[in-house]
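Q: You'll find protein.cif just under this line, and it carries mmCIF, N, CA and C atoms and all ligand atoms.
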```
data_final
#
loop_
_atom_site.label_atom_id
_atom_site.label_comp_id
_atom_site.auth_asym_id
_atom_site.auth_seq_id
_atom_site.Cartn_x
_atom_site.Cartn_y
_atom_site.Cartn_z
N MET X 218 81.88 85.82 73.45
CA MET X 218 81.80 86.88 72.44
C MET X 218 80.43 87.58 72.48
N ILE X 219 80.47 88.87 72.26
CA ILE X 219 79.23 89.64 72.22
C ILE X 219 78.82 89.74 70.75
N ASP X 220 77.53 89.63 70.48
CA ASP X 220 77.16 89.76 69.07
C ASP X 220 77.28 91.23 68.64
N PRO X 221 77.58 91.42 67.35
CA PRO X 221 77.93 92.76 66.85
C PRO X 221 76.83 93.81 67.08
N GLU X 222 75.60 93.37 67.02
CA GLU X 222 74.49 94.30 67.21
C GLU X 222 74.50 94.87 68.63
N LEU X 223 74.75 93.96 69.58
CA LEU X 223 74.81 94.35 70.99
C LEU X 223 76.02 95.26 71.21
N ALA X 224 77.13 94.93 70.56
CA ALA X 224 78.34 95.74 70.69
C ALA X 224 78.07 97.17 70.21
N ASP X 225 77.31 97.32 69.12
CA ASP X 225 76.94 98.64 68.61
C ASP X 225 76.12 99.42 69.63
N LEU X 226 75.18 98.68 70.22
CA LEU X 226 74.29 99.29 71.21
C LEU X 226 75.11 99.80 72.40
N TYR X 227 76.05 98.96 72.83
CA TYR X 227 76.90 99.33 73.95
C TYR X 227 77.75 100.55 73.61
N GLN X 228 78.26 100.57 72.37
CA GLN X 228 79.07 101.72 71.95
C GLN X 228 78.25 103.01 71.96
N ASP X 229 76.99 102.89 71.52
CA ASP X 229 76.11 104.06 71.54
C ASP X 229 75.89 104.55 72.96
N LEU X 230 75.70 103.62 73.88
CA LEU X 230 75.46 103.95 75.28
C LEU X 230 76.69 104.65 75.87
N ILE X 231 77.87 104.10 75.58
CA ILE X 231 79.11 104.68 76.10
C ILE X 231 79.34 106.07 75.50
N ARG X 232 79.08 106.20 74.21
CA ARG X 232 79.25 107.50 73.54
C ARG X 232 78.29 108.53 74.14
N ASP X 233 77.06 108.11 74.33
CA ASP X 233 76.04 109.00 74.89
C ASP X 233 76.45 109.50 76.28
N HIS X 234 76.90 108.58 77.13
CA HIS X 234 77.27 108.98 78.50
C HIS X 234 78.57 109.77 78.55
N SER X 235 79.44 109.58 77.56
CA SER X 235 80.68 110.36 77.57
C SER X 235 80.42 111.79 77.08
N LYS X 236 79.44 111.93 76.17
CA LYS X 236 79.10 113.27 75.66
C LYS X 236 78.23 114.04 76.64
N SER X 237 77.27 113.36 77.25
CA SER X 237 76.42 114.02 78.24
C SER X 237 76.40 113.22 79.53
N PRO X 238 77.48 113.34 80.31
CA PRO X 238 77.54 112.57 81.55
C PRO X 238 76.41 112.93 82.51
N ARG X 239 75.83 111.90 83.15
CA ARG X 239 74.76 112.10 84.12
C ARG X 239 75.38 112.33 85.49
N ASN X 240 74.64 113.05 86.33
CA ASN X 240 75.09 113.32 87.71
C ASN X 240 76.47 113.97 87.74
N PHE X 241 76.68 114.89 86.82
CA PHE X 241 77.96 115.57 86.73
C PHE X 241 77.86 116.92 87.40
N GLY X 242 78.83 117.23 88.28
CA GLY X 242 78.85 118.54 88.92
C GLY X 242 78.97 118.42 90.43
N LYS X 243 78.95 119.57 91.08
CA LYS X 243 79.06 119.59 92.55
C LYS X 243 77.78 119.06 93.18
N LEU X 244 77.92 118.58 94.40
CA LEU X 244 76.77 118.03 95.11
C LEU X 244 76.51 118.82 96.39
N GLU X 245 75.34 119.44 96.45
CA GLU X 245 74.92 120.17 97.66
C GLU X 245 74.79 119.18 98.81
N GLY X 246 75.35 119.56 99.95
CA GLY X 246 75.19 118.73 101.15
C GLY X 246 75.95 117.43 101.10
N CYS X 247 77.02 117.40 100.29
CA CYS X 247 77.80 116.16 100.21
C CYS X 247 78.57 115.97 101.51
N ASN X 248 78.67 114.72 101.99
CA ASN X 248 79.38 114.47 103.23
C ASN X 248 80.48 113.41 103.11
N ALA X 249 80.80 113.06 101.87
CA ALA X 249 81.97 112.20 101.63
C ALA X 249 82.43 112.46 100.21
N GLU X 250 83.74 112.45 100.02
CA GLU X 250 84.25 112.65 98.67
C GLU X 250 85.65 112.07 98.56
N ALA X 251 86.07 111.83 97.34
CA ALA X 251 87.43 111.36 97.09
C ALA X 251 87.81 111.77 95.68
N GLU X 252 89.12 111.73 95.46
CA GLU X 252 89.67 112.16 94.19
C GLU X 252 90.44 110.98 93.61
N GLY X 253 90.36 110.79 92.31
CA GLY X 253 91.08 109.69 91.69
C GLY X 253 91.78 110.12 90.41
N TYR X 254 92.98 109.56 90.21
CA TYR X 254 93.78 109.84 89.01
C TYR X 254 94.12 108.56 88.28
N ASN X 255 94.15 108.63 86.99
CA ASN X 255 94.74 107.56 86.20
C ASN X 255 95.84 108.19 85.35
N PRO X 256 97.08 108.21 85.89
CA PRO X 256 98.18 108.92 85.20
C PRO X 256 98.48 108.36 83.82
N LEU X 257 98.14 107.09 83.61
CA LEU X 257 98.41 106.45 82.33
C LEU X 257 97.68 107.13 81.18
N CYS X 258 96.48 107.64 81.50
CA CYS X 258 95.62 108.21 80.46
C CYS X 258 95.36 109.69 80.71
N GLY X 259 95.53 110.13 81.97
CA GLY X 259 95.25 111.51 82.31
C GLY X 259 93.85 111.72 82.85
N ASP X 260 93.14 110.65 83.11
CA ASP X 260 91.79 110.77 83.68
C ASP X 260 91.89 111.26 85.13
N HIS X 261 91.02 112.16 85.49
CA HIS X 261 91.06 112.76 86.83
C HIS X 261 89.64 113.12 87.26
N PHE X 262 89.15 112.44 88.28
CA PHE X 262 87.78 112.68 88.72
C PHE X 262 87.69 112.82 90.24
N SER X 263 86.71 113.59 90.67
CA SER X 263 86.30 113.59 92.07
C SER X 263 84.90 113.00 92.14
N VAL X 264 84.68 112.21 93.17
CA VAL X 264 83.35 111.64 93.39
C VAL X 264 82.81 112.20 94.71
N PHE X 265 81.60 112.71 94.66
CA PHE X 265 80.95 113.30 95.85
C PHE X 265 79.75 112.45 96.24
N LEU X 266 79.62 112.22 97.54
CA LEU X 266 78.52 111.40 98.03
C LEU X 266 77.72 112.13 99.07
N LYS X 267 76.43 111.87 99.04
CA LYS X 267 75.58 112.30 100.14
C LYS X 267 75.07 111.02 100.80
N LEU X 268 75.62 110.75 101.98
CA LEU X 268 75.25 109.53 102.69
C LEU X 268 74.19 109.84 103.74
N GLU X 269 73.17 109.03 103.75
CA GLU X 269 72.16 109.12 104.82
C GLU X 269 72.22 107.81 105.55
N GLY X 270 72.86 107.81 106.72
CA GLY X 270 73.13 106.56 107.42
C GLY X 270 74.04 105.72 106.55
N ASP X 271 73.58 104.53 106.20
CA ASP X 271 74.38 103.63 105.39
C ASP X 271 74.05 103.72 103.91
N LYS X 272 73.12 104.59 103.59
CA LYS X 272 72.59 104.63 102.22
C LYS X 272 73.21 105.76 101.39
N ILE X 273 73.49 105.46 100.13
CA ILE X 273 73.95 106.49 99.20
C ILE X 273 72.71 107.21 98.67
N ALA X 274 72.43 108.37 99.27
CA ALA X 274 71.23 109.12 98.88
C ALA X 274 71.45 109.84 97.56
N ASP X 275 72.69 110.28 97.32
CA ASP X 275 72.99 110.96 96.07
C ASP X 275 74.48 110.86 95.77
N VAL X 276 74.82 110.93 94.51
CA VAL X 276 76.22 110.86 94.10
C VAL X 276 76.42 111.70 92.85
N ARG X 277 77.52 112.43 92.82
CA ARG X 277 77.89 113.22 91.63
C ARG X 277 79.37 113.03 91.38
N PHE X 278 79.79 113.41 90.19
CA PHE X 278 81.23 113.41 89.93
C PHE X 278 81.61 114.62 89.10
N GLU X 279 82.87 114.97 89.19
CA GLU X 279 83.41 116.10 88.46
C GLU X 279 84.79 115.74 87.95
N GLY X 280 85.24 116.42 86.92
CA GLY X 280 86.59 116.19 86.43
C GLY X 280 86.59 116.00 84.94
N ALA X 281 87.67 115.41 84.45
CA ALA X 281 87.81 115.23 83.02
C ALA X 281 88.56 113.94 82.73
N GLY X 282 88.18 113.32 81.64
CA GLY X 282 88.85 112.08 81.26
C GLY X 282 88.43 111.67 79.87
N CYS X 283 88.91 110.51 79.47
CA CYS X 283 88.58 110.00 78.14
C CYS X 283 87.13 109.50 78.11
N ALA X 284 86.68 109.09 76.96
CA ALA X 284 85.29 108.65 76.80
C ALA X 284 84.95 107.47 77.71
N ILE X 285 85.88 106.54 77.83
CA ILE X 285 85.61 105.34 78.65
C ILE X 285 85.49 105.71 80.13
N SER X 286 86.44 106.51 80.63
CA SER X 286 86.41 106.83 82.06
C SER X 286 85.20 107.71 82.39
N THR X 287 84.86 108.64 81.50
CA THR X 287 83.72 109.53 81.74
C THR X 287 82.41 108.76 81.72
N SER X 288 82.24 107.91 80.72
CA SER X 288 80.98 107.17 80.62
C SER X 288 80.88 106.16 81.75
N SER X 289 82.01 105.60 82.17
CA SER X 289 81.98 104.65 83.28
C SER X 289 81.56 105.35 84.58
N ALA X 290 82.10 106.55 84.80
CA ALA X 290 81.72 107.32 85.99
C ALA X 290 80.24 107.66 85.95
N SER X 291 79.77 108.08 84.78
CA SER X 291 78.38 108.46 84.62
C SER X 291 77.44 107.29 84.90
N LEU X 292 77.73 106.14 84.30
CA LEU X 292 76.87 104.97 84.50
C LEU X 292 76.99 104.43 85.93
N MET X 293 78.18 104.60 86.52
CA MET X 293 78.35 104.17 87.91
C MET X 293 77.43 104.96 88.84
N THR X 294 77.38 106.29 88.64
CA THR X 294 76.54 107.10 89.54
C THR X 294 75.10 106.63 89.45
N GLN X 295 74.64 106.34 88.23
CA GLN X 295 73.25 105.88 88.07
C GLN X 295 73.02 104.53 88.74
N SER X 296 74.07 103.72 88.79
CA SER X 296 73.92 102.36 89.34
C SER X 296 73.95 102.32 90.86
N VAL X 297 74.60 103.28 91.48
CA VAL X 297 74.80 103.16 92.94
C VAL X 297 73.87 104.06 93.77
N ILE X 298 73.17 104.99 93.12
CA ILE X 298 72.23 105.82 93.89
C ILE X 298 71.18 104.92 94.53
N GLY X 299 70.99 105.08 95.83
CA GLY X 299 69.98 104.29 96.53
C GLY X 299 70.52 103.01 97.15
N LEU X 300 71.76 102.64 96.79
CA LEU X 300 72.34 101.43 97.39
C LEU X 300 72.85 101.73 98.79
N SER X 301 72.97 100.68 99.60
CA SER X 301 73.64 100.84 100.88
C SER X 301 75.14 100.65 100.64
N LYS X 302 75.94 101.14 101.58
CA LYS X 302 77.41 101.00 101.46
C LYS X 302 77.82 99.55 101.21
N ASP X 303 77.16 98.63 101.89
CA ASP X 303 77.51 97.21 101.79
C ASP X 303 77.20 96.61 100.43
N GLU X 304 76.33 97.27 99.69
CA GLU X 304 75.95 96.73 98.39
C GLU X 304 76.94 97.11 97.29
N VAL X 305 77.83 98.07 97.59
CA VAL X 305 78.76 98.54 96.56
C VAL X 305 79.87 97.52 96.26
N PRO X 306 80.56 96.97 97.28
CA PRO X 306 81.67 96.05 96.97
C PRO X 306 81.28 94.84 96.10
N PRO X 307 80.15 94.14 96.38
CA PRO X 307 79.81 93.02 95.48
C PRO X 307 79.50 93.47 94.05
N LEU X 308 78.93 94.68 93.91
CA LEU X 308 78.66 95.20 92.57
C LEU X 308 79.98 95.52 91.87
N PHE X 309 80.88 96.16 92.62
CA PHE X 309 82.19 96.51 92.05
C PHE X 309 82.95 95.25 91.65
N ASP X 310 82.92 94.21 92.50
CA ASP X 310 83.62 92.96 92.18
C ASP X 310 83.13 92.39 90.85
N ARG X 311 81.82 92.48 90.66
CA ARG X 311 81.25 91.93 89.43
C ARG X 311 81.61 92.78 88.21
N VAL X 312 81.54 94.10 88.39
CA VAL X 312 81.91 95.02 87.32
C VAL X 312 83.38 94.83 86.95
N HIS X 313 84.22 94.71 87.98
CA HIS X 313 85.65 94.55 87.77
C HIS X 313 85.95 93.27 86.99
N ALA X 314 85.27 92.18 87.36
CA ALA X 314 85.45 90.91 86.65
C ALA X 314 85.03 91.05 85.19
N LEU X 315 83.94 91.78 84.97
CA LEU X 315 83.45 92.00 83.61
C LEU X 315 84.47 92.78 82.78
N MET X 316 85.04 93.81 83.40
CA MET X 316 85.96 94.69 82.67
C MET X 316 87.32 94.05 82.43
N THR X 317 87.71 93.13 83.32
CA THR X 317 89.04 92.53 83.20
C THR X 317 88.99 91.17 82.53
N GLY X 318 87.76 90.63 82.34
CA GLY X 318 87.63 89.32 81.72
C GLY X 318 87.85 88.18 82.69
N HIS X 319 87.84 88.47 83.99
CA HIS X 319 87.96 87.41 84.98
C HIS X 319 86.62 86.69 85.13
N ASP X 320 86.64 85.56 85.83
CA ASP X 320 85.41 84.78 86.02
C ASP X 320 84.37 85.61 86.76
N ASP X 321 83.15 85.56 86.25
CA ASP X 321 82.04 86.28 86.85
C ASP X 321 81.75 85.71 88.25
N PRO X 322 81.93 86.55 89.31
CA PRO X 322 81.66 86.04 90.66
C PRO X 322 80.17 85.97 90.95
N GLY X 323 79.31 86.41 90.04
CA GLY X 323 77.87 86.44 90.30
C GLY X 323 77.57 87.60 91.22
N GLY X 324 76.32 87.75 91.57
CA GLY X 324 75.94 88.84 92.48
C GLY X 324 74.91 89.74 91.85
N PRO X 325 74.97 91.03 92.20
CA PRO X 325 73.93 91.97 91.79
C PRO X 325 73.82 92.08 90.26
N GLU X 326 72.64 92.41 89.79
CA GLU X 326 72.41 92.66 88.37
C GLU X 326 73.29 93.82 87.89
N LEU X 327 73.86 93.68 86.70
CA LEU X 327 74.73 94.74 86.18
C LEU X 327 73.96 95.77 85.35
N GLY X 328 72.86 95.34 84.74
CA GLY X 328 72.09 96.27 83.93
C GLY X 328 72.95 96.91 82.86
N LYS X 329 72.88 98.23 82.76
CA LYS X 329 73.61 98.96 81.71
C LYS X 329 75.13 98.84 81.84
N LEU X 330 75.60 98.47 83.04
CA LEU X 330 77.05 98.34 83.24
C LEU X 330 77.64 97.25 82.35
N GLU X 331 76.79 96.35 81.85
CA GLU X 331 77.24 95.32 80.91
C GLU X 331 77.89 95.94 79.68
N ALA X 332 77.60 97.20 79.44
CA ALA X 332 78.17 97.89 78.28
C ALA X 332 79.70 97.87 78.30
N PHE X 333 80.28 97.67 79.49
CA PHE X 333 81.74 97.73 79.59
C PHE X 333 82.42 96.37 79.41
N SER X 334 81.64 95.38 78.97
CA SER X 334 82.23 94.05 78.76
C SER X 334 83.31 94.08 77.69
N GLY X 335 83.22 95.03 76.75
CA GLY X 335 84.20 95.10 75.68
C GLY X 335 85.56 95.59 76.14
N VAL X 336 85.60 96.20 77.33
CA VAL X 336 86.85 96.79 77.84
C VAL X 336 87.93 95.72 78.03
N GLN X 337 87.48 94.48 78.35
CA GLN X 337 88.45 93.40 78.60
C GLN X 337 89.34 93.13 77.39
N ASN X 338 88.90 93.55 76.21
CA ASN X 338 89.73 93.36 75.02
C ASN X 338 90.78 94.46 74.86
N PHE X 339 90.72 95.46 75.75
CA PHE X 339 91.66 96.59 75.68
C PHE X 339 92.27 96.83 77.07
N PRO X 340 93.28 96.02 77.44
CA PRO X 340 93.84 96.08 78.80
C PRO X 340 94.24 97.49 79.23
N MET X 341 94.67 98.31 78.27
CA MET X 341 95.06 99.69 78.60
C MET X 341 93.88 100.52 79.11
N ARG X 342 92.67 100.11 78.72
CA ARG X 342 91.49 100.90 79.08
C ARG X 342 90.86 100.46 80.40
N VAL X 343 91.34 99.34 80.95
CA VAL X 343 90.71 98.84 82.18
C VAL X 343 90.83 99.88 83.30
N LYS X 344 91.98 100.54 83.37
CA LYS X 344 92.18 101.54 84.41
C LYS X 344 91.27 102.75 84.22
N CYS X 345 91.01 103.09 82.97
CA CYS X 345 90.06 104.16 82.67
C CYS X 345 88.67 103.77 83.19
N ALA X 346 88.28 102.56 82.87
CA ALA X 346 86.92 102.11 83.17
C ALA X 346 86.70 101.91 84.67
N THR X 347 87.76 101.55 85.40
CA THR X 347 87.58 101.26 86.83
C THR X 347 87.88 102.46 87.71
N LEU X 348 88.42 103.54 87.15
CA LEU X 348 88.84 104.68 87.98
C LEU X 348 87.72 105.22 88.88
N ALA X 349 86.57 105.47 88.31
CA ALA X 349 85.47 106.04 89.10
C ALA X 349 85.07 105.10 90.24
N TRP X 350 85.14 103.80 89.98
CA TRP X 350 84.77 102.82 91.00
C TRP X 350 85.76 102.83 92.15
N HIS X 351 87.05 102.89 91.81
CA HIS X 351 88.07 102.97 92.87
C HIS X 351 87.88 104.25 93.68
N THR X 352 87.52 105.32 93.00
CA THR X 352 87.33 106.60 93.67
C THR X 352 86.10 106.55 94.57
N LEU X 353 85.05 105.91 94.11
CA LEU X 353 83.85 105.73 94.93
C LEU X 353 84.18 104.94 96.20
N LYS X 354 84.94 103.85 96.03
CA LYS X 354 85.33 103.03 97.18
C LYS X 354 86.10 103.88 98.20
N ALA X 355 87.01 104.72 97.68
CA ALA X 355 87.81 105.58 98.56
C ALA X 355 86.90 106.56 99.30
N ALA X 356 85.92 107.11 98.60
CA ALA X 356 84.99 108.05 99.24
C ALA X 356 84.20 107.36 100.34
N LEU X 357 83.80 106.12 100.08
CA LEU X 357 83.00 105.37 101.06
C LEU X 357 83.83 105.00 102.29
N SER X 358 85.14 104.80 102.08
CA SER X 358 85.97 104.40 103.21
C SER X 358 86.61 105.62 103.87
N GLY X 359 86.30 106.81 103.36
CA GLY X 359 86.79 108.03 103.98
C GLY X 359 88.27 108.29 103.77
N ALA X 360 88.82 107.83 102.65
CA ALA X 360 90.23 108.04 102.35
C ALA X 360 90.52 109.53 102.13
N ALA X 361 91.59 110.01 102.74
CA ALA X 361 91.93 111.42 102.62
C ALA X 361 92.84 111.67 101.42
N GLU X 362 93.69 110.70 101.11
CA GLU X 362 94.64 110.84 100.00
C GLU X 362 93.95 110.50 98.68
N PRO X 363 94.30 111.20 97.61
CA PRO X 363 93.76 110.84 96.30
C PRO X 363 94.15 109.41 95.93
N VAL X 364 93.26 108.68 95.30
CA VAL X 364 93.61 107.34 94.85
C VAL X 364 94.19 107.44 93.46
N THR X 365 95.07 106.52 93.16
CA THR X 365 95.64 106.48 91.82
C THR X 365 95.61 105.05 91.34
N THR X 366 95.46 104.88 90.04
CA THR X 366 95.41 103.53 89.49
C THR X 366 96.80 102.93 89.37
N GLU X 367 97.83 103.72 89.64
CA GLU X 367 99.20 103.19 89.58
C GLU X 367 99.66 102.70 90.94
ZN ZN L 401 91.18 107.11 80.11
#
```
Let me see the file written as structure tokens.
Ligand code: ZN
A:
Amino acid sequence: MIDPELADLYQDLIRDHSKSPRNFGKLEGCNAEAEGYNPLCGDHFSVFLKLEGDKIADVRFEGAGCAISTSSASLMTQSVIGLSKDEVPPLFDRVHALMTGHDDPGGPELGKLEAFSGVQNFPMRVKCATLAWHTLKAALSGAAEPVTTE
């Protein structure tokens, strides 16, 4: 259980990022991108990457969705800038476990991403919260087809 004070703080963080998403918009010189849909909720995002070798030099996203999916995309972009491609899957595994309530596999520090620990209490929102991450993975693997959470 998260203590109520922390839960409030997390809610403020999520609200802030959903109202003013960071790294939102087109990306100059982007060389990888993917599109993701969550038909259950209507969330729809594109993720744009600027890769320099194996490193994520920059990342942006565009689209529209609910507060959870938007804030998750926003916080994700802040978390993955500067990472190498190989560093994304272990981070995603840990974030996914946090959001679904599965056992923590350990690994990279989550930092602000801990804000999504409350999502596990709302199974319908898990797809909202993970959409941007699935889309990022698709962009990194060069998927041509849009990803969908269904
Ligand atoms: Zn949603």
Q: Looking at X:Asp260, X:Glu326, X:Glu222, X:Glu279, which one is nearest to Thr366 in chain X, with distances taken over only C-alpha atoms?
A: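 The closest residue to Thr366 in chain X is X:Asp260.
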Q: If you count all atoms listed in the file, which residues fall within 6 Å of Pro238 in chain X, apart from same-chain ones fewer than 4 positions away, as number ranges by chain?
A: X: 233-234, 291
Q: Once DSSP has gone over the backbone, tell me which residues of chain X are in alpha helix (DSSP H), as an MDAnalysis selection string.
A: chainID X and resid 221:236 284:297 305:317 343:358
Q: Could you please determine the separation between atom N of Gly359 in chain X and atom N of Ala251 in chain X in Å, to one decimal place?
A: 7.8 Å
Q: Would you kindly return, as a list in words, each protein, DNA or RNA residue with an atom no farther than 6 Å from any atom of range 293-302 of chain X, considering all atoms listed in the file and excluding same-chain residues fewer than 6 positions away?
A: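 Those residues are Asp271, Lys272, Ile273, Ala274, Asp275 and Val276 of chain X.
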Q: Kindly work out which residues sit at most 8 Å from ligand ZN 401 (chain L), using all atoms listed in the file, and give the list as a PDB file with N, CA and C atoms, keeping the file's coordinate frame.
A:
```pdb
ATOM      1  N   ASN X 255      94.150 108.630  86.990  1.00  0.00           N
ATOM      2  CA  ASN X 255      94.740 107.560  86.200  1.00  0.00           C
ATOM      3  C   ASN X 255      95.840 108.190  85.350  1.00  0.00           C
ATOM      4  N   LEU X 257      98.140 107.090  83.610  1.00  0.00           N
ATOM      5  CA  LEU X 257      98.410 106.450  82.330  1.00  0.00           C
ATOM      6  C   LEU X 257      97.680 107.130  81.180  1.00  0.00           C
ATOM      7  N   CYS X 258      96.480 107.640  81.500  1.00  0.00           N
ATOM      8  CA  CYS X 258      95.620 108.210  80.460  1.00  0.00           C
ATOM      9  C   CYS X 258      95.360 109.690  80.710  1.00  0.00           C
ATOM     10  N   GLY X 259      95.530 110.130  81.970  1.00  0.00           N
ATOM     11  CA  GLY X 259      95.250 111.510  82.310  1.00  0.00           C
ATOM     12  C   GLY X 259      93.850 111.720  82.850  1.00  0.00           C
ATOM     13  N   ASP X 260      93.140 110.650  83.110  1.00  0.00           N
ATOM     14  CA  ASP X 260      91.790 110.770  83.680  1.00  0.00           C
ATOM     15  C   ASP X 260      91.890 111.260  85.130  1.00  0.00           C
ATOM     16  N   HIS X 261      91.020 112.160  85.490  1.00  0.00           N
ATOM     17  CA  HIS X 261      91.060 112.760  86.830  1.00  0.00           C
ATOM     18  C   HIS X 261      89.640 113.120  87.260  1.00  0.00           C
ATOM     19  N   ALA X 281      87.670 115.410  84.450  1.00  0.00           N
ATOM     20  CA  ALA X 281      87.810 115.230  83.020  1.00  0.00           C
ATOM     21  C   ALA X 281      88.560 113.940  82.730  1.00  0.00           C
ATOM     22  N   GLY X 282      88.180 113.320  81.640  1.00  0.00           N
ATOM     23  CA  GLY X 282      88.850 112.080  81.260  1.00  0.00           C
ATOM     24  C   GLY X 282      88.430 111.670  79.870  1.00  0.00           C
ATOM     25  N   CYS X 283      88.910 110.510  79.470  1.00  0.00           N
ATOM     26  CA  CYS X 283      88.580 110.000  78.140  1.00  0.00           C
ATOM     27  C   CYS X 283      87.130 109.500  78.110  1.00  0.00           C
ATOM     28  N   ALA X 284      86.680 109.090  76.960  1.00  0.00           N
ATOM     29  CA  ALA X 284      85.290 108.650  76.800  1.00  0.00           C
ATOM     30  C   ALA X 284      84.950 107.470  77.710  1.00  0.00           C
ATOM     31  N   ILE X 285      85.880 106.540  77.830  1.00  0.00           N
ATOM     32  CA  ILE X 285      85.610 105.340  78.650  1.00  0.00           C
ATOM     33  C   ILE X 285      85.490 105.710  80.130  1.00  0.00           C
ATOM     34  N   SER X 286      86.440 106.510  80.630  1.00  0.00           N
ATOM     35  CA  SER X 286      86.410 106.830  82.060  1.00  0.00           C
ATOM     36  C   SER X 286      85.200 107.710  82.390  1.00  0.00           C
ATOM     37  N   THR X 287      84.860 108.640  81.500  1.00  0.00           N
ATOM     38  CA  THR X 287      83.720 109.530  81.740  1.00  0.00           C
ATOM     39  C   THR X 287      82.410 108.760  81.720  1.00  0.00           C
ATOM     40  N   MET X 341      94.670  98.310  78.270  1.00  0.00           N
ATOM     41  CA  MET X 341      95.060  99.690  78.600  1.00  0.00           C
ATOM     42  C   MET X 341      93.880 100.520  79.110  1.00  0.00           C
ATOM     43  N   ARG X 342      92.670 100.110  78.720  1.00  0.00           N
ATOM     44  CA  ARG X 342      91.490 100.900  79.080  1.00  0.00           C
ATOM     45  C   ARG X 342      90.860 100.460  80.400  1.00  0.00           C
ATOM     46  N   VAL X 343      91.340  99.340  80.950  1.00  0.00           N
ATOM     47  CA  VAL X 343      90.710  98.840  82.180  1.00  0.00           C
ATOM     48  C   VAL X 343      90.830  99.880  83.300  1.00  0.00           C
ATOM     49  N   LYS X 344      91.980 100.540  83.370  1.00  0.00           N
ATOM     50  CA  LYS X 344      92.180 101.540  84.410  1.00  0.00           C
ATOM     51  C   LYS X 344      91.270 102.750  84.220  1.00  0.00           C
ATOM     52  N   CYS X 345      91.010 103.090  82.970  1.00  0.00           N
ATOM     53  CA  CYS X 345      90.060 104.160  82.670  1.00  0.00           C
ATOM     54  C   CYS X 345      88.670 103.770  83.190  1.00  0.00           C
ATOM     55  N   ALA X 346      88.280 102.560  82.870  1.00  0.00           N
ATOM     56  CA  ALA X 346      86.920 102.110  83.170  1.00  0.00           C
ATOM     57  C   ALA X 346      86.700 101.910  84.670  1.00  0.00           C
TER      58      ALA X 346
END
```
Q: Looking at X:Ser358, X:Gln228, X:Ser263, X:Ser288, which one is nearest to Leu244 in chain X, with distances taken over only C-alpha atoms?
A: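 Closest to Leu244 in chain X of all the choices is X:Ser263.
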Q: Between atom C of Leu308 in chain X and atom N of Leu292 in chain X, what distance in Å does the model show, to one decimal?
A: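 Computing it gives 13.2 Å between the two atoms.
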Q: Which residues come within 10 Å of Ser334 in chain X, counting only C-alpha atoms, excluding same-chain residues fewer than 3 positions away, as a PyMOL selection string?
A: chain X and resi 218-219+224+227+312-318+330-331+337-338
Q: Go ahead and compute the interatomic distance for CA of Leu223 in chain X and CA of Gly328 in chain X, in Å to one decimal.
A: 13.4 Å
Q: Identify, with DSSP run on backbone atoms, the residues in range 234-360 of chain X assigned to strand (DSSP E), and express the list as a list in words.
A: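 Matching residues for strand (DSSP E) in range 234-360 of chain X are Ala249, Glu250, Ala251, Glu252, Gly253, Tyr254, Asn255, Asp260, His261, Phe262, Ser263, Val264, Phe265, Leu266, Lys267, Leu268, Glu269, Lys272, Ile273, Ala274, Asp275, Val276, Arg277, Phe278, Glu279, Gly280 and Ala281 of chain X.
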Q: If we count only N, CA and C atoms, what is near range 363-365 of chain X at a cut-off of 6 Å, once residues fewer than 2 positions away on the same chain are taken out, given as a PyMOL selection string?
A: chain X and resi 252-255+361+367
Q: Which residue out of X:His319, X:Ser237, X:Ala360, X:Leu353 has the minimum interatomic distance to Leu266 in chain X when only C-alpha atoms are used?
A: X:Leu353
Q: I need the residue nearest Lys267 in chain X from this list: X:Leu230, X:Glu362, X:Leu357, X:Pro340. Use only C-alpha atoms for the distance.
A: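 Checking each candidate against Lys267 in chain X, we get X:Leu357 as the closest.
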